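Containing mmCIF, N, CA, C and O atoms: structure-v7.cif.
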data_entry
#
loop_
_atom_site.label_atom_id
_atom_site.label_comp_id
_atom_site.auth_asym_id
_atom_site.auth_seq_id
_atom_site.Cartn_x
_atom_site.Cartn_y
_atom_site.Cartn_z
N MET A 79 -12.99 -123.61 78.98
CA MET A 79 -12.99 -124.51 77.86
C MET A 79 -13.50 -123.74 76.64
O MET A 79 -14.52 -123.05 76.72
N VAL A 80 -12.75 -123.86 75.57
CA VAL A 80 -13.15 -123.23 74.30
C VAL A 80 -12.87 -124.19 73.15
O VAL A 80 -12.09 -125.13 73.30
N ALA A 81 -13.49 -123.94 72.03
CA ALA A 81 -13.25 -124.75 70.83
C ALA A 81 -11.83 -124.53 70.33
O ALA A 81 -11.25 -123.45 70.49
N SER A 82 -11.25 -125.56 69.74
CA SER A 82 -9.87 -125.52 69.26
C SER A 82 -9.61 -124.37 68.29
O SER A 82 -8.55 -123.76 68.31
N ASP A 83 -10.60 -124.06 67.46
CA ASP A 83 -10.38 -123.04 66.44
C ASP A 83 -10.28 -121.63 67.00
O ASP A 83 -9.85 -120.72 66.30
N VAL A 84 -10.66 -121.42 68.25
CA VAL A 84 -10.53 -120.09 68.86
C VAL A 84 -9.55 -120.07 70.03
O VAL A 84 -9.37 -119.05 70.69
N ALA A 85 -8.89 -121.19 70.28
CA ALA A 85 -7.99 -121.30 71.44
C ALA A 85 -6.86 -120.29 71.38
O ALA A 85 -6.57 -119.60 72.37
N ASP A 86 -6.20 -120.16 70.24
CA ASP A 86 -5.08 -119.22 70.13
C ASP A 86 -5.53 -117.79 70.38
O ASP A 86 -4.85 -117.02 71.06
N GLN A 87 -6.68 -117.44 69.83
CA GLN A 87 -7.21 -116.09 70.02
C GLN A 87 -7.53 -115.84 71.50
O GLN A 87 -7.25 -114.76 72.03
N CYS A 88 -8.08 -116.84 72.17
CA CYS A 88 -8.39 -116.70 73.59
C CYS A 88 -7.13 -116.53 74.43
O CYS A 88 -7.09 -115.69 75.33
N VAL A 89 -6.09 -117.31 74.11
CA VAL A 89 -4.82 -117.19 74.83
C VAL A 89 -4.26 -115.79 74.65
O VAL A 89 -3.84 -115.14 75.61
N GLU A 90 -4.24 -115.28 73.43
CA GLU A 90 -3.72 -113.94 73.16
C GLU A 90 -4.50 -112.89 73.94
O GLU A 90 -3.91 -111.97 74.52
N THR A 91 -5.82 -113.02 73.97
CA THR A 91 -6.66 -112.06 74.68
C THR A 91 -6.40 -112.09 76.18
O THR A 91 -6.29 -111.04 76.83
N ILE A 92 -6.27 -113.28 76.73
CA ILE A 92 -5.97 -113.40 78.16
C ILE A 92 -4.64 -112.76 78.49
O ILE A 92 -4.52 -111.99 79.46
N ILE A 93 -3.62 -113.03 77.68
CA ILE A 93 -2.30 -112.45 77.91
C ILE A 93 -2.36 -110.94 77.82
O ILE A 93 -1.82 -110.22 78.68
N GLU A 94 -3.02 -110.41 76.80
CA GLU A 94 -3.11 -108.96 76.62
C GLU A 94 -3.79 -108.27 77.80
O GLU A 94 -3.43 -107.15 78.16
N THR A 95 -4.77 -108.92 78.40
CA THR A 95 -5.54 -108.27 79.46
C THR A 95 -5.05 -108.59 80.86
O THR A 95 -5.28 -107.81 81.78
N ALA A 96 -4.34 -109.70 81.03
CA ALA A 96 -3.97 -110.13 82.38
C ALA A 96 -2.48 -109.98 82.70
O ALA A 96 -2.10 -110.02 83.86
N GLN A 97 -1.65 -109.79 81.71
CA GLN A 97 -0.21 -109.77 81.93
C GLN A 97 0.23 -108.46 82.59
O GLN A 97 -0.01 -107.38 82.09
N THR A 98 0.88 -108.60 83.76
CA THR A 98 1.43 -107.44 84.45
C THR A 98 2.95 -107.47 84.43
O THR A 98 3.59 -106.47 84.74
N GLY A 99 3.52 -108.65 84.12
CA GLY A 99 4.96 -108.79 84.13
C GLY A 99 5.51 -109.09 85.51
O GLY A 99 6.71 -109.14 85.71
N LYS A 100 4.62 -109.30 86.46
CA LYS A 100 5.03 -109.59 87.83
C LYS A 100 4.72 -111.04 88.19
O LYS A 100 3.85 -111.67 87.57
N ILE A 101 5.39 -111.53 89.21
CA ILE A 101 5.11 -112.87 89.71
C ILE A 101 3.63 -112.94 90.09
O ILE A 101 3.09 -112.02 90.72
N GLY A 102 2.98 -114.02 89.71
CA GLY A 102 1.58 -114.21 90.04
C GLY A 102 0.63 -113.97 88.88
O GLY A 102 -0.58 -114.09 89.04
N ASP A 103 1.18 -113.60 87.71
CA ASP A 103 0.32 -113.41 86.54
C ASP A 103 -0.43 -114.69 86.19
O ASP A 103 -1.52 -114.64 85.64
N GLY A 104 0.13 -115.84 86.53
CA GLY A 104 -0.54 -117.11 86.29
C GLY A 104 -0.01 -117.84 85.08
O GLY A 104 0.96 -117.43 84.45
N LYS A 105 -0.68 -118.92 84.77
CA LYS A 105 -0.31 -119.77 83.64
C LYS A 105 -1.58 -120.16 82.89
O LYS A 105 -2.66 -120.19 83.47
N ILE A 106 -1.41 -120.49 81.64
CA ILE A 106 -2.51 -121.00 80.82
C ILE A 106 -2.12 -122.40 80.39
O ILE A 106 -1.04 -122.62 79.85
N PHE A 107 -2.98 -123.35 80.65
CA PHE A 107 -2.74 -124.74 80.26
C PHE A 107 -3.66 -125.06 79.09
O PHE A 107 -4.86 -124.84 79.15
N ILE A 108 -3.09 -125.62 78.03
CA ILE A 108 -3.85 -126.04 76.85
C ILE A 108 -3.85 -127.57 76.84
O ILE A 108 -2.79 -128.19 76.79
N THR A 109 -5.02 -128.15 76.86
CA THR A 109 -5.14 -129.61 76.86
C THR A 109 -6.41 -130.02 76.14
O THR A 109 -7.38 -129.25 76.06
N ASP A 110 -6.42 -131.21 75.62
CA ASP A 110 -7.62 -131.73 74.95
C ASP A 110 -8.61 -132.25 75.99
O ASP A 110 -8.21 -132.83 76.99
N ILE A 111 -9.88 -132.05 75.71
CA ILE A 111 -10.95 -132.61 76.52
C ILE A 111 -11.47 -133.83 75.76
O ILE A 111 -11.94 -133.71 74.63
N GLU A 112 -11.37 -134.99 76.35
CA GLU A 112 -11.76 -136.21 75.65
C GLU A 112 -13.26 -136.44 75.65
O GLU A 112 -13.82 -136.95 74.69
N ARG A 113 -13.91 -136.04 76.73
CA ARG A 113 -15.35 -136.33 76.84
C ARG A 113 -15.98 -135.38 77.83
O ARG A 113 -15.38 -135.03 78.83
N VAL A 114 -17.20 -134.96 77.54
CA VAL A 114 -17.98 -134.11 78.44
C VAL A 114 -19.31 -134.80 78.67
O VAL A 114 -19.95 -135.27 77.72
N VAL A 115 -19.75 -134.87 79.92
CA VAL A 115 -21.05 -135.46 80.23
C VAL A 115 -21.79 -134.51 81.16
O VAL A 115 -21.27 -134.10 82.20
N ARG A 116 -23.00 -134.13 80.76
CA ARG A 116 -23.86 -133.34 81.64
C ARG A 116 -24.60 -134.31 82.54
O ARG A 116 -25.39 -135.15 82.07
N ILE A 117 -24.35 -134.25 83.81
CA ILE A 117 -24.89 -135.22 84.76
C ILE A 117 -26.42 -135.21 84.76
O ILE A 117 -27.06 -136.27 84.74
N ARG A 118 -27.01 -134.03 84.77
CA ARG A 118 -28.47 -133.93 84.88
C ARG A 118 -29.22 -134.64 83.76
O ARG A 118 -30.22 -135.33 83.99
N THR A 119 -28.72 -134.51 82.51
CA THR A 119 -29.47 -135.05 81.36
C THR A 119 -28.80 -136.25 80.70
O THR A 119 -29.44 -136.93 79.90
N GLY A 120 -27.55 -136.47 81.01
CA GLY A 120 -26.83 -137.55 80.36
C GLY A 120 -26.30 -137.18 78.98
O GLY A 120 -25.70 -138.01 78.31
N GLU A 121 -26.52 -135.92 78.56
CA GLU A 121 -26.01 -135.49 77.27
C GLU A 121 -24.49 -135.56 77.27
O GLU A 121 -23.87 -135.40 78.32
N GLU A 122 -23.94 -135.80 76.09
CA GLU A 122 -22.50 -135.93 75.99
C GLU A 122 -21.92 -135.03 74.91
O GLU A 122 -22.61 -134.65 73.97
N ASP A 123 -20.65 -134.74 75.09
CA ASP A 123 -19.83 -133.98 74.15
C ASP A 123 -20.48 -132.66 73.77
O ASP A 123 -20.84 -131.89 74.63
N GLU A 124 -20.62 -132.36 72.47
CA GLU A 124 -21.14 -131.06 72.04
C GLU A 124 -22.51 -130.76 72.64
O GLU A 124 -22.81 -129.63 72.99
N ASP A 125 -23.37 -131.76 72.77
CA ASP A 125 -24.71 -131.54 73.33
C ASP A 125 -24.65 -131.15 74.80
O ASP A 125 -25.57 -130.52 75.32
N ALA A 126 -23.58 -131.51 75.48
CA ALA A 126 -23.46 -131.22 76.91
C ALA A 126 -22.90 -129.82 77.17
O ALA A 126 -22.91 -129.36 78.31
N ILE A 127 -22.40 -129.19 76.14
CA ILE A 127 -21.76 -127.88 76.34
C ILE A 127 -22.74 -126.76 76.23
O ILE A 127 -23.68 -126.55 75.93
#
Show me the file's structure as structure tokens.
Amino acid sequence: MVASDVADQCVETIIETAQTGKIGDGKIFITDIERVVRIRTGEEDEDAI
């Protein structure tokens, strides 16, 4: 999980370092995270990260 403003840079970095061009290189899924809750403290969203 990364902040939206660095997502593209992270994807590019992963591709540059992990791409072999062979089956099994994997996939990157980009999706929004609606809510984060830290179970131990009950903190939510940015405070939970």
note - atom N of Ile108 of chain A and atom C of Asp125 of chain A are separated by 22.5 Å
Next item on the list: Spell out the residues picked by the PyMOL selection byres (((chain A and resi 123 and name CA) around 6) and name CA) here, as a PyMOL selection string.
Entry: chain A and resi 113-114+122+124-126
*asked:* As a check of understanding, name the residues that the PyMOL selection byres (((chain A and resi 109 and name CA) around 12) and name CA) selects in the supplied structure, as a PyMOL selection string.
replied: chain A and resi 79-82+85+106-108+110-112
Which value, in Å to one decimal, gives the distance between atom CA of Ile101 of chain A and atom CA of Cys88 of chain A?
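Separating atom CA of Ile101 of chain A from atom CA of Cys88 of chain A is a distance of 21.4 Å.
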Correct to one decimal, the distance atom N of Glu90 of chain A-atom N of Gly102 of chain A is 17.9 Å
